[in-house]
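A.B. asks: Sharing a structure below in structure tokens format, with a few things to ask.
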Amino acid sequence: MSAAPAERAFTIAGARIPAAPIAPGLHVVATPIGHLGDVTLRALATLAAADLVVAEDTRVTKTLLAHYGVATPLVAYHEHNAAQMRPQLLARLARGERLALVSDAGTPLVSDPGFRLVGEALAQGAAVTPLPGACAALAGLVVAGLPTDRFYFEGFLPERGAARRRRLAELATIPATLIFYESPRRIAACLADCAAVLGDRPAAAARELTKRFEETRRGGLAALAAAYAQEGEPRGEFVLLVGPPEADAAALSEAAVDARLTAALARHSAKDAAAIVAGETGLPRRQVYARAIALTRPSGEAP
Ligand code: SAM
């Protein structure tokens, strides 16, 4: 005997709400990043009306579906089974089924699985529909107190220090607020590297957004790095945001750059001083280093 099909409905505040049919195709559904109330009505209706919910971790998604009384079958789709699962999911889409893609938290595809599935679904002519909602990067951005007119989302930086610093050096000239995801294990080291490579820019560390112990600390990178280094490993998930280079690099006068370099050279080697000033101003590091060398050369010495 085959199981009865799942009832296509969801529950809010004890009321059972029938879900209207949805179009065939892949529905990319944002889910909360902590607070279960941060799910849209359309997301719930879509999860309830779908033939299948495609989840990064079925245990995590089960909690959300159970909270809202959604009984749609679930299947796991993550980096370890994606190659095997993708053809099966694409075949279901080709048959006209309705699939809802979710990740553990927030918006799928944003530092989460789904990019290839969306690409291949589109390539075979399936409709792909976004259901926007929570995203940790944007939640962090709007409380950081940093410029929001331009922002650059990097996601996770490399875990190892040398690779992380190299990547930060590549990002130093971007005239925008930088947004990183980071684990509590690496937040102190990451802040220290940001301070060393980007200079003492204004920043914010947003922890456990929308959750019980939500906290956003704002301040200069150096002070934030020192605080987290002193306090030991924190709990929870982080979005780290770093303000743009202080000034419009093109508008900085030579004298202003020289003044910053002279101050930095009083305490650092030419290489480190150049890295600090390049990070602060957004000027190319090589250009600042050449100027640092010129400034440290004894007067009268030929270049
Ligand atoms: N797709 C998700 C989104 O839209 O935000 C992000 C997934 S990524 C694998 C998980 C990372 O997002 C965490 O390591 C953390 O950096 C950040 N994050 C997720 N939830 C968060 C929260 N409630 N507070 C702060 N950061 C969070």
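Within each chain, counting starts at residue 1; across the structure tokens, chains are named A, B, ... in the order shown, with ligands numbered 1 upward in that order.
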Using only C-alpha atoms and all ligand atoms, what does the table of chain A residues within 7 Å of ligand 1 look like, with each row giving the shortest atom pair and its distance in Å to one decimal, sorted by chain and ascending number, as JSON lines?
C.D. replies:
{"residue": "A:Ile33", "atom": "CA", "partner": "ligand 1", "partner_atom_place_in_ligand_line": "20 (N)", "distance": 4.6}
{"residue": "A:Gly34", "atom": "CA", "partner": "ligand 1", "partner_atom_place_in_ligand_line": "23 (N)", "distance": 5.1}
{"residue": "A:Ser103", "atom": "CA", "partner": "ligand 1", "partner_atom_place_in_ligand_line": "1 (N)", "distance": 6.5}
{"residue": "A:Ala105", "atom": "CA", "partner": "ligand 1", "partner_atom_place_in_ligand_line": "2 (C)", "distance": 5.3}
{"residue": "A:Gly106", "atom": "CA", "partner": "ligand 1", "partner_atom_place_in_ligand_line": "4 (O)", "distance": 3.6}
{"residue": "A:Thr107", "atom": "CA", "partner": "ligand 1", "partner_atom_place_in_ligand_line": "4 (O)", "distance": 3.7}
{"residue": "A:Pro108", "atom": "CA", "partner": "ligand 1", "partner_atom_place_in_ligand_line": "1 (N)", "distance": 5.0}
{"residue": "A:Leu109", "atom": "CA", "partner": "ligand 1", "partner_atom_place_in_ligand_line": "1 (N)", "distance": 6.3}
{"residue": "A:Val110", "atom": "CA", "partner": "ligand 1", "partner_atom_place_in_ligand_line": "1 (N)", "distance": 4.4}
{"residue": "A:Ser111", "atom": "CA", "partner": "ligand 1", "partner_atom_place_in_ligand_line": "8 (S)", "distance": 4.9}
{"residue": "A:Asp112", "atom": "CA", "partner": "ligand 1", "partner_atom_place_in_ligand_line": "9 (C)", "distance": 5.2}
{"residue": "A:Ala134", "atom": "CA", "partner": "ligand 1", "partner_atom_place_in_ligand_line": "4 (O)", "distance": 6.2}
{"residue": "A:Cys135", "atom": "CA", "partner": "ligand 1", "partner_atom_place_in_ligand_line": "4 (O)", "distance": 3.5}
{"residue": "A:Ala136", "atom": "CA", "partner": "ligand 1", "partner_atom_place_in_ligand_line": "5 (O)", "distance": 3.6}
{"residue": "A:Ala137", "atom": "CA", "partner": "ligand 1", "partner_atom_place_in_ligand_line": "5 (O)", "distance": 5.5}
{"residue": "A:Tyr181", "atom": "CA", "partner": "ligand 1", "partner_atom_place_in_ligand_line": "16 (O)", "distance": 3.5}
{"residue": "A:Glu182", "atom": "CA", "partner": "ligand 1", "partner_atom_place_in_ligand_line": "16 (O)", "distance": 4.4}
{"residue": "A:Ser183", "atom": "CA", "partner": "ligand 1", "partner_atom_place_in_ligand_line": "14 (O)", "distance": 5.3}
{"residue": "A:Ala206", "atom": "CA", "partner": "ligand 1", "partner_atom_place_in_ligand_line": "25 (C)", "distance": 5.8}
{"residue": "A:Arg207", "atom": "CA", "partner": "ligand 1", "partner_atom_place_in_ligand_line": "25 (C)", "distance": 4.6}
{"residue": "A:Glu208", "atom": "CA", "partner": "ligand 1", "partner_atom_place_in_ligand_line": "24 (N)", "distance": 3.7}
{"residue": "A:Leu209", "atom": "CA", "partner": "ligand 1", "partner_atom_place_in_ligand_line": "24 (N)", "distance": 3.7}
{"residue": "A:Thr210", "atom": "CA", "partner": "ligand 1", "partner_atom_place_in_ligand_line": "23 (N)", "distance": 5.8}
{"residue": "A:Lys211", "atom": "CA", "partner": "ligand 1", "partner_atom_place_in_ligand_line": "23 (N)", "distance": 6.3}
{"residue": "A:Glu237", "atom": "CA", "partner": "ligand 1", "partner_atom_place_in_ligand_line": "26 (N)", "distance": 4.4}
{"residue": "A:Phe238", "atom": "CA", "partner": "ligand 1", "partner_atom_place_in_ligand_line": "26 (N)", "distance": 4.0}
{"residue": "A:Val239", "atom": "CA", "partner": "ligand 1", "partner_atom_place_in_ligand_line": "26 (N)", "distance": 4.6}
A.B. asks: My list of candidates is A:Leu221, A:Val242, A:Leu64, A:Ala266. Which is closest to Thr296 of chain A when distances are computed with only C-alpha atoms?
C.D. replies: A:Ala266
A.B. asks: From a backbone DSSP assignment, name each residue in segment 7-175 of chain A labelled helix (DSSP H, G or I), as an MDAnalysis selection string.
C.D. replies: chainID A and resid 41:49 58:67 82:94 115:123 136:144 161:171
A.B. asks: Give me, as an NGL selection string, all polymer residues having an atom no more than 12 Å from Ala229 of chain A, counting only C-alpha atoms and skipping those fewer than 2 positions away in the same chain.
C.D. replies: :A and (184-193 or 221-227 or 231-234)
A.B. asks: Please, could you write that set of residues out with C-alpha atoms as a short mmCIF file (atom, residue, chain, number, x, y, z; two decimals), in the first residue's frame?
C.D. replies:
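As a result, result-v4.cif now contains:
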data_model
loop_
_atom_site.label_atom_id
_atom_site.label_comp_id
_atom_site.auth_asym_id
_atom_site.auth_seq_id
_atom_site.Cartn_x
_atom_site.Cartn_y
_atom_site.Cartn_z
CA PRO A 184 33.97 31.69 16.04
CA ARG A 185 37.18 29.63 16.00
CA ARG A 186 38.89 32.02 13.58
CA ILE A 187 37.23 35.37 14.34
CA ALA A 188 40.10 36.70 16.50
CA ALA A 189 42.81 35.69 14.00
CA CYS A 190 40.73 37.01 11.11
CA LEU A 191 40.25 40.39 12.81
CA ALA A 192 43.98 40.59 13.53
CA ASP A 193 44.77 39.91 9.87
CA LEU A 221 39.61 46.76 13.49
CA ALA A 222 42.56 47.01 15.90
CA ALA A 223 40.33 47.40 18.98
CA LEU A 224 37.97 44.62 17.87
CA ALA A 225 40.94 42.32 17.18
CA ALA A 226 42.42 43.06 20.61
CA ALA A 227 39.08 42.47 22.37
CA GLU A 231 38.38 37.17 25.54
CA GLY A 232 39.06 33.76 23.99
CA GLU A 233 36.84 31.88 21.56
CA PRO A 234 33.29 33.28 21.45
#
A.B. asks: For Arg116 of chain A, which of A:Ala66, A:Ala49, A:Leu171, A:Met85 is the closest residue, counting only C-alpha atoms?
C.D. replies: A:Met85
A.B. asks: Pick out the closest residue to Phe156 of chain A from this set: A:Asp272, A:Leu240, A:Ala83, A:Ala91. Count only C-alpha atoms.
C.D. replies: A:Leu240
A.B. asks: Find the spatial neighbours of Ala203 of chain A, counting only C-alpha atoms, within a cut-off of 9 Å - ignore same-chain residues fewer than 3 positions away - and output them as a PyMOL selection string.
C.D. replies: chain A and resi 144-146+177+200+217-221+224+240-243
A.B. asks: With a distance cut-off of 9 Å and only C-alpha atoms, select the neighbouring residues of Leu283 of chain A, excluding the residue or stretch itself and same-chain residues fewer than 3 positions from it, and output the selection as a PyMOL selection string.
C.D. replies: chain A and resi 172-173+245+249-250+277-280+286-288
A.B. asks: Just to be explicit: take each residue in the selection above, keep N, CA, C and O atoms, and write the result as a compact mmCIF listing (two decimals), in the first residue's frame.
C.D. replies:
# COMPACT_ATOMS: atom_id res chain seq x y z
N ALA A 172 41.98 45.01 -0.63
CA ALA A 172 42.23 46.27 0.10
C ALA A 172 41.80 47.52 -0.66
O ALA A 172 41.46 48.53 -0.05
N THR A 173 41.81 47.46 -1.98
CA THR A 173 41.51 48.69 -2.73
C THR A 173 40.03 48.80 -3.12
O THR A 173 39.65 49.78 -3.76
N PRO A 245 38.01 51.78 2.31
CA PRO A 245 39.20 52.60 2.55
C PRO A 245 38.76 54.02 2.89
O PRO A 245 37.78 54.53 2.32
N ALA A 249 40.96 57.22 -2.93
CA ALA A 249 42.40 57.10 -3.15
C ALA A 249 42.90 58.10 -4.20
O ALA A 249 43.95 58.72 -4.04
N ALA A 250 42.09 58.29 -5.23
CA ALA A 250 42.52 59.18 -6.32
C ALA A 250 42.65 60.62 -5.84
O ALA A 250 43.45 61.40 -6.36
N VAL A 277 49.32 51.56 5.08
CA VAL A 277 48.81 52.75 4.38
C VAL A 277 48.02 52.34 3.13
O VAL A 277 47.00 52.96 2.81
N ALA A 278 48.47 51.28 2.46
CA ALA A 278 47.69 50.80 1.31
C ALA A 278 46.32 50.35 1.77
O ALA A 278 45.30 50.64 1.14
N GLY A 279 46.29 49.64 2.90
CA GLY A 279 45.00 49.17 3.44
C GLY A 279 44.11 50.32 3.83
O GLY A 279 42.91 50.33 3.56
N GLU A 280 44.67 51.34 4.47
CA GLU A 280 43.88 52.49 4.93
C GLU A 280 43.33 53.31 3.77
O GLU A 280 42.22 53.82 3.82
N ARG A 286 51.98 48.22 -4.07
CA ARG A 286 53.30 48.38 -4.70
C ARG A 286 53.68 49.87 -4.79
O ARG A 286 54.80 50.27 -4.55
N GLN A 287 52.68 50.66 -5.16
CA GLN A 287 52.91 52.11 -5.30
C GLN A 287 53.28 52.73 -3.94
O GLN A 287 54.21 53.55 -3.84
N VAL A 288 52.58 52.31 -2.90
CA VAL A 288 52.85 52.88 -1.58
C VAL A 288 54.22 52.41 -1.08
O VAL A 288 54.98 53.17 -0.47
A.B. asks: Pick the closest to Ile22 of chain A from A:Ala139, A:Ala82, A:Val53, A:Leu99: which is it, counting only C-alpha atoms?
C.D. replies: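 Closest to Ile22 of chain A, using only C-alpha atoms: A:Leu99.
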A.B. asks: When you count only C-alpha atoms, which of these residues is closest to Ala20 of chain A: A:His35, A:Arg42, A:Arg201, A:Arg164?
C.D. replies: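 Residue with the minimum atom-to-atom distance to Ala20 of chain A: A:Arg42.
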A.B. asks: Between A:Ala169, A:Ile179, A:Ala255, A:Ala48, which is the closest to Val142 of chain A once you count only C-alpha atoms?
C.D. replies: A:Ile179
A.B. asks: Which neighbours of Leu89 of chain A fall inside 9 Å, counting only C-alpha atoms, when residues of the same chain fewer than 3 positions from it are skipped, and could you give them as a list in words?
C.D. replies: Val54, Met85, Arg86, Arg92, Leu93, Ala94, Leu99, Leu117 and Ala121 of chain A
A.B. asks: Please, what distance in Å, to one decimal, runs between atom CA of Ala292 of chain A and atom CA of Ser269 of chain A?
C.D. replies: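 Between these atoms lies a distance of 9.2 Å.
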A.B. asks: To one decimal in Å, tell me the separation between atom CA of Ala275 of chain A and atom CA of Glu154 of chain A.
C.D. replies: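 According to the coordinates, atom CA of Ala275 of chain A and atom CA of Glu154 of chain A are separated by 20.2 Å.
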A.B. asks: Distance atom CA of Tyr68 of chain A-atom CA of Ala23 of chain A, one decimal place?
C.D. replies: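 Atom CA of Ala23 of chain A lies 21.6 Å from atom CA of Tyr68 of chain A.
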A.B. asks: Which polymer residues have any atom within 9 Å of an atom of Pro132 of chain A, counting only C-alpha atoms, with same-chain residues fewer than 2 positions away left out, as a VMD selection string?
C.D. replies: chain A and resid 28 to 31 40 43 107 130 134 to 135
A.B. asks: Write the selection just made, keeping all heavy atoms, as a PDB file, in the first residue's frame?
C.D. replies:
ATOM      1  N   VAL A  28      13.708  28.513  -5.255  1.00  0.00           N
ATOM      2  CA  VAL A  28      14.858  28.725  -4.362  1.00  0.00           C
ATOM      3  C   VAL A  28      14.351  29.515  -3.155  1.00  0.00           C
ATOM      4  O   VAL A  28      14.038  30.703  -3.267  1.00  0.00           O
ATOM      5  CB  VAL A  28      15.985  29.475  -5.099  1.00  0.00           C
ATOM      6  CG1 VAL A  28      17.196  29.634  -4.189  1.00  0.00           C
ATOM      7  CG2 VAL A  28      16.372  28.723  -6.378  1.00  0.00           C
ATOM      8  N   VAL A  29      14.257  28.841  -2.015  1.00  0.00           N
ATOM      9  CA  VAL A  29      13.505  29.375  -0.875  1.00  0.00           C
ATOM     10  C   VAL A  29      14.434  29.774   0.274  1.00  0.00           C
ATOM     11  O   VAL A  29      15.147  28.935   0.834  1.00  0.00           O
ATOM     12  CB  VAL A  29      12.513  28.301  -0.354  1.00  0.00           C
ATOM     13  CG1 VAL A  29      11.663  28.869   0.782  1.00  0.00           C
ATOM     14  CG2 VAL A  29      11.619  27.791  -1.482  1.00  0.00           C
ATOM     15  N   ALA A  30      14.407  31.051   0.641  1.00  0.00           N
ATOM     16  CA  ALA A  30      15.183  31.495   1.808  1.00  0.00           C
ATOM     17  C   ALA A  30      14.460  31.070   3.091  1.00  0.00           C
ATOM     18  O   ALA A  30      13.234  31.097   3.164  1.00  0.00           O
ATOM     19  CB  ALA A  30      15.344  33.009   1.783  1.00  0.00           C
ATOM     20  N   THR A  31      15.236  30.663   4.087  1.00  0.00           N
ATOM     21  CA  THR A  31      14.689  30.255   5.387  1.00  0.00           C
ATOM     22  C   THR A  31      15.384  31.092   6.476  1.00  0.00           C
ATOM     23  O   THR A  31      16.383  31.766   6.197  1.00  0.00           O
ATOM     24  CB  THR A  31      14.924  28.747   5.619  1.00  0.00           C
ATOM     25  OG1 THR A  31      16.317  28.482   5.537  1.00  0.00           O
ATOM     26  CG2 THR A  31      14.169  27.907   4.600  1.00  0.00           C
ATOM     27  N   THR A  40       8.933  33.729   5.191  1.00  0.00           N
ATOM     28  CA  THR A  40       7.795  34.435   4.578  1.00  0.00           C
ATOM     29  C   THR A  40       6.606  33.484   4.402  1.00  0.00           C
ATOM     30  O   THR A  40       6.768  32.259   4.345  1.00  0.00           O
ATOM     31  CB  THR A  40       8.168  35.028   3.201  1.00  0.00           C
ATOM     32  OG1 THR A  40       8.377  33.948   2.286  1.00  0.00           O
ATOM     33  CG2 THR A  40       9.410  35.893   3.277  1.00  0.00           C
ATOM     34  N   ALA A  43       7.105  31.532   1.346  1.00  0.00           N
ATOM     35  CA  ALA A  43       8.049  30.420   1.516  1.00  0.00           C
ATOM     36  C   ALA A  43       7.319  29.209   2.101  1.00  0.00           C
ATOM     37  O   ALA A  43       7.471  28.081   1.620  1.00  0.00           O
ATOM     38  CB  ALA A  43       9.195  30.840   2.430  1.00  0.00           C
ATOM     39  N   THR A 107      19.682  32.284   2.671  1.00  0.00           N
ATOM     40  CA  THR A 107      19.396  32.167   1.239  1.00  0.00           C
ATOM     41  C   THR A 107      20.273  31.100   0.599  1.00  0.00           C
ATOM     42  O   THR A 107      21.502  31.197   0.677  1.00  0.00           O
ATOM     43  CB  THR A 107      19.631  33.543   0.569  1.00  0.00           C
ATOM     44  OG1 THR A 107      18.783  34.509   1.209  1.00  0.00           O
ATOM     45  CG2 THR A 107      19.311  33.498  -0.900  1.00  0.00           C
ATOM     46  N   PRO A 130      12.812  32.684  -7.463  1.00  0.00           N
ATOM     47  CA  PRO A 130      13.390  33.042  -6.158  1.00  0.00           C
ATOM     48  C   PRO A 130      12.303  33.349  -5.127  1.00  0.00           C
ATOM     49  O   PRO A 130      11.305  33.977  -5.448  1.00  0.00           O
ATOM     50  CB  PRO A 130      14.168  34.324  -6.493  1.00  0.00           C
ATOM     51  CG  PRO A 130      13.356  34.970  -7.564  1.00  0.00           C
ATOM     52  CD  PRO A 130      12.705  33.850  -8.360  1.00  0.00           C
ATOM     53  N   ALA A 134      15.625  35.850   4.529  1.00  0.00           N
ATOM     54  CA  ALA A 134      16.775  36.138   5.375  1.00  0.00           C
ATOM     55  C   ALA A 134      18.099  35.824   4.677  1.00  0.00           C
ATOM     56  O   ALA A 134      18.208  34.876   3.904  1.00  0.00           O
ATOM     57  CB  ALA A 134      16.675  35.325   6.665  1.00  0.00           C
ATOM     58  N   CYS A 135      19.089  36.652   4.960  1.00  0.00           N
ATOM     59  CA  CYS A 135      20.459  36.429   4.503  1.00  0.00           C
ATOM     60  C   CYS A 135      21.365  37.101   5.531  1.00  0.00           C
ATOM     61  O   CYS A 135      21.213  38.301   5.807  1.00  0.00           O
ATOM     62  CB  CYS A 135      20.658  37.032   3.115  1.00  0.00           C
ATOM     63  SG  CYS A 135      22.354  36.896   2.539  1.00  0.00           S
TER      64      CYS A 135
END
